[in-house]
Amino acid sequence: MRFLLLFVLIALSVSSSSASAGFFDQIQNLAKPDSKERKILEGATQVASSSKEIDYQTERNIGESLALEGLQRFGNPVKNEALQKYVNLVGTALAVNSKRATIPYQFAVLDSPVQNAFAVPGGVVFVSRALVSILDDEAELAAVLAHEIGHVSMKHALKSTQRAQLLQGVGTITAASVGGDKGKKFASAIGDMQAVLFDKGLDKEMEFEADLAAMETTYRTGYDPSAMIRVLEKLQKLEASSKDKKGSWFSTHPPLAERIARLQSQLKKYPDYSSLAEVKERFAKQAKVK
Amino acid sequence: MRITRSMVAGLALLLIAATAMAEEKRWVSSEGTTLKAEASATSENVADVLVGAEVTVVESGGRWLKVRTTAGKEGWVYAGRVSETPPASEVAGGDGGIFGDSMKSSQIKTAKADSARSIRGLSPGAAQYAKDRGTPEIYKKSLDVVLSRKVSPNELKAFLKEGKIGEYAQIQGGKK
C-alpha cells in the first residue's frame, strides 16, 4: 500500500532489492486470457470476494499487526504532536468523504528519510517525513492521504494475498485465538501482506484505482484535485535527478508518466478544480519537517 | 378521433413518469451530513442525514444542492456530501467513523458496530501478535499513541472553516 514506492536517495543505494520489480509493468498483458498478469488479476478477484468474509475486528487486528511491522521497518512517528494532530485533521476531513466513510481512520507521520506512504487494512495510514517535506500545500498532503484511504476503502492489501483467502470462514480472530491454529493462518497472512506492502508493492491497477479515488475524495472534500498530479510530478522530478538508475528501484518503477496521464484525463471530470482549496499558509506553518 | 378515458389515463401516466425521471436522485455519502436552511455551512440546521440515505434534488445552486429526503424534509447540502450512486454497503462491518453515534440507525450499520467501537489503542489481536513476535515495547507504545488520537466533529468543522475548505469555501462566481 505504499504510495509511490519511492525509495530514493538512501533507499536507492541500499535497498534496491526491496523494490517492486515488475510491479507496475505489463498492464497490456491483462487483456491476454492466458497471461500471468491476467491470472493474477483473476486470483485477486477471487480473493476479493473472500475478503468480504473478514469482519472488521479481524481486519483491524491484521492492520495493526502490519502497522507494528511497518514501524519497525520505517521508524517511529515524528515527535511533534501539533504535526500529528494536523495530519489527523486533514486525513479525517477526507475519510468522511471517502468510499468507506464509516470506519475510524488514524494518520501518522513517520520519522523516515525515505519518500513513502502506506496504509494497513482497517484504516491506519502512515506517511514519511521525507514525503511530507517535498509537498507545498495542504491539498498535496490531502492527495497523498486520500490515495492511502483509497487503498483502505477498497481493501487492496487484503485482496493482494491468496493467504488472506485462508482467513475466510475463520471469523473473528481475537487475542484468545491468535495462539492456536487460527493464529498460524493469521501470522502467515501477515507475512504475505508485509511482503506485498513493504517489498513487492501492490498491483498496478490498484495504484491507478487509488489515484482516481484520491482525486474524487479530495474534490468532494473541497481540495484542488489536481494536487494529486502535482505530487506525482514532484516525484517524477526526483526520479529524473536520481543518478543511480541502473539496477535501482527506478528502473522497475511504476510509470509515473502513465499515472499522470490518466489523472490528467480524469481531471476533465472536475472543470472547476482550480477554484478549490490549496491552503498553502497553514500547511507551511504546520508541516515543518524540512 | 375520439379521446377515450384510457387515452387520458395513459397520458397522465406518461406525464407522471416524465416528472419522476426529471427528478435527480442522490445518495448521502459523507459522515456527519446535515441539511441546511440555506446554501451556507453557517446557516441553520434542518436535519441530520445518514450515509446511504436517498434524497431528491429539487434545486441546484453552484456547489450546493437543495434536496428533499424520503421523509419529505427539504434543505441545502454541499454537493461533495452526496453522490450519484449509492455508497457501497459496509459488508464487513465498521465501528462508525468520528460521527459514530449518527450511524446508530443507519441502514448500513452492522451488528458489529457497537462492539468494535471500543477499539481505541492497540487491539487485543495485535497485542497478542506483538507478544508472540516479541515486538519491542517502544513500537507497541508508539502505535498505541497513534491509535488513540481522535478528531472530534467540532474540531473537524473548525479546521475546515479555518482553511475555507469545501462547504466553508467563500466562492463567488466560481472564483476563489
# chains A, B, ... in the order shown; residues from 1 in each chain; ligands from 1

call {"tool": "residues_around", "arguments": {"residues": "stretch 271-285 of chain A", "least_positions_apart": "4", "cutoff": "9 Å", "atoms": "only C-alpha atoms", "output": "ChimeraX atom specification"}}
result
/A:86,136-141,219,222-227,267 /B:163-166,169,171,174-176

call {"tool": "write_last_selection", "arguments": {"atoms": "C-alpha atoms", "output": "compact mmCIF listing (two decimals), in the first residue's frame"}}
result
# COMPACT_ATOMS: atom_id res chain seq x y z
CA TYR A 86 -2.69 18.39 11.86
CA ASP A 136 3.95 22.51 -0.90
CA ASP A 137 0.40 22.79 0.34
CA GLU A 138 -2.39 21.07 2.23
CA ALA A 139 -4.09 19.91 -0.97
CA GLU A 140 -0.97 17.91 -1.85
CA LEU A 141 -0.88 16.32 1.60
CA TYR A 219 -12.57 17.06 -4.77
CA GLY A 222 -13.11 20.71 -1.27
CA TYR A 223 -9.38 20.43 -2.05
CA ASP A 224 -8.00 21.05 -5.51
CA PRO A 225 -7.96 17.54 -7.07
CA SER A 226 -5.10 18.43 -9.42
CA ALA A 227 -2.82 18.31 -6.35
CA LEU A 267 -9.26 15.96 -14.27
CA GLY B 163 -8.99 26.61 5.93
CA LYS B 164 -12.09 27.77 3.97
CA ILE B 165 -12.48 24.26 2.62
CA GLY B 166 -15.50 22.64 0.95
CA ALA B 169 -15.20 27.99 0.95
CA ILE B 171 -16.69 31.12 -3.56
CA GLY B 174 -16.72 30.18 -9.21
CA LYS B 175 -13.57 32.01 -8.15
CA LYS B 176 -11.54 31.50 -5.03

call {"tool": "interface_residues", "arguments": {"of": "chain A", "to": "chain B", "cutoff": "6 Å", "atoms": "only C-alpha atoms", "output": "list in words"}}
result
Lys52, Asp55, Tyr56, Asn61, Glu64, Ser65, Val96, Asn97, Thr102, Ile103, Pro104, Thr174, Ala175, Arg220, Thr221, Gly222, Ser275 and Ala277 of chain A

call {"tool": "residues_around", "arguments": {"residues": "A:Phe126", "least_positions_apart": "6", "cutoff": "7 Å", "atoms": "only C-alpha atoms", "output": "count of residues only"}}
result
7

call {"tool": "closest_residue", "arguments": {"among": "A:Gln106, A:Thr58, A:Gln72, A:Ser265", "to": "A:Val87", "atoms": "only C-alpha atoms"}}
result
A:Gln106

call {"tool": "atom_distance", "arguments": {"atom1": "atom CA of A:Ala195", "atom2": "atom CA of A:Thr161"}}
result
9.5 Å

call {"tool": "closest_residue", "arguments": {"among": "A:Glu209, A:Lys184, A:Lys159, A:Ile260", "to": "A:Ile54", "atoms": "only C-alpha atoms"}}
result
A:Lys159

call {"tool": "closest_residue", "arguments": {"among": "B:Ser40, B:Ser6, B:Gln170, B:Thr85", "to": "B:Val55", "atoms": "only C-alpha atoms"}}
result
B:Thr85

call {"tool": "select_by_dssp", "arguments": {"residues": "stretch 36-149 of chain A", "states": "strand (DSSP E)", "output": "PyMOL selection string"}}
result
chain A and resi 106-110+117-120+124-128

call {"tool": "write_last_selection", "arguments": {"atoms": "N, CA and C atoms", "output": "PDB file, in the first residue's frame"}}
result
ATOM      1  N   GLN A 106      -6.833   6.552  11.411  1.00  0.00           N
ATOM      2  CA  GLN A 106      -5.799   7.313  12.114  1.00  0.00           C
ATOM      3  C   GLN A 106      -4.628   7.535  11.159  1.00  0.00           C
ATOM      4  N   PHE A 107      -3.917   8.626  11.384  1.00  0.00           N
ATOM      5  CA  PHE A 107      -2.829   9.025  10.485  1.00  0.00           C
ATOM      6  C   PHE A 107      -1.597   9.374  11.310  1.00  0.00           C
ATOM      7  N   ALA A 108      -0.420   9.058  10.767  1.00  0.00           N
ATOM      8  CA  ALA A 108       0.808   9.407  11.485  1.00  0.00           C
ATOM      9  C   ALA A 108       1.945   9.677  10.509  1.00  0.00           C
ATOM     10  N   VAL A 109       2.782  10.646  10.874  1.00  0.00           N
ATOM     11  CA  VAL A 109       3.992  10.937  10.096  1.00  0.00           C
ATOM     12  C   VAL A 109       5.139  10.165  10.736  1.00  0.00           C
ATOM     13  N   LEU A 110       5.798   9.324   9.951  1.00  0.00           N
ATOM     14  CA  LEU A 110       6.914   8.532  10.481  1.00  0.00           C
ATOM     15  C   LEU A 110       8.241   9.243  10.223  1.00  0.00           C
ATOM     16  N   ALA A 117       4.621   6.309   1.600  1.00  0.00           N
ATOM     17  CA  ALA A 117       3.396   6.324   2.400  1.00  0.00           C
ATOM     18  C   ALA A 117       2.753   4.959   2.236  1.00  0.00           C
ATOM     19  N   PHE A 118       2.125   4.498   3.269  1.00  0.00           N
ATOM     20  CA  PHE A 118       1.414   3.224   3.154  1.00  0.00           C
ATOM     21  C   PHE A 118       0.267   3.202   4.154  1.00  0.00           C
ATOM     22  N   ALA A 119      -0.686   2.336   3.865  1.00  0.00           N
ATOM     23  CA  ALA A 119      -1.829   2.192   4.767  1.00  0.00           C
ATOM     24  C   ALA A 119      -2.036   0.716   5.028  1.00  0.00           C
ATOM     25  N   VAL A 120      -2.520   0.394   6.199  1.00  0.00           N
ATOM     26  CA  VAL A 120      -2.778  -1.004   6.543  1.00  0.00           C
ATOM     27  C   VAL A 120      -4.296  -1.220   6.615  1.00  0.00           C
ATOM     28  N   VAL A 124      -5.364   2.538   9.289  1.00  0.00           N
ATOM     29  CA  VAL A 124      -4.225   3.304   9.815  1.00  0.00           C
ATOM     30  C   VAL A 124      -3.317   3.667   8.632  1.00  0.00           C
ATOM     31  N   VAL A 125      -3.054   4.961   8.503  1.00  0.00           N
ATOM     32  CA  VAL A 125      -2.302   5.475   7.355  1.00  0.00           C
ATOM     33  C   VAL A 125      -1.006   6.131   7.830  1.00  0.00           C
ATOM     34  N   PHE A 126       0.090   5.775   7.178  1.00  0.00           N
ATOM     35  CA  PHE A 126       1.387   6.356   7.527  1.00  0.00           C
ATOM     36  C   PHE A 126       1.967   7.107   6.329  1.00  0.00           C
ATOM     37  N   VAL A 127       2.607   8.224   6.634  1.00  0.00           N
ATOM     38  CA  VAL A 127       3.316   8.971   5.590  1.00  0.00           C
ATOM     39  C   VAL A 127       4.676   9.340   6.170  1.00  0.00           C
ATOM     40  N   SER A 128       5.711   9.281   5.356  1.00  0.00           N
ATOM     41  CA  SER A 128       7.053   9.555   5.878  1.00  0.00           C
ATOM     42  C   SER A 128       7.324  11.056   5.946  1.00  0.00           C
TER      43      SER A 128
END
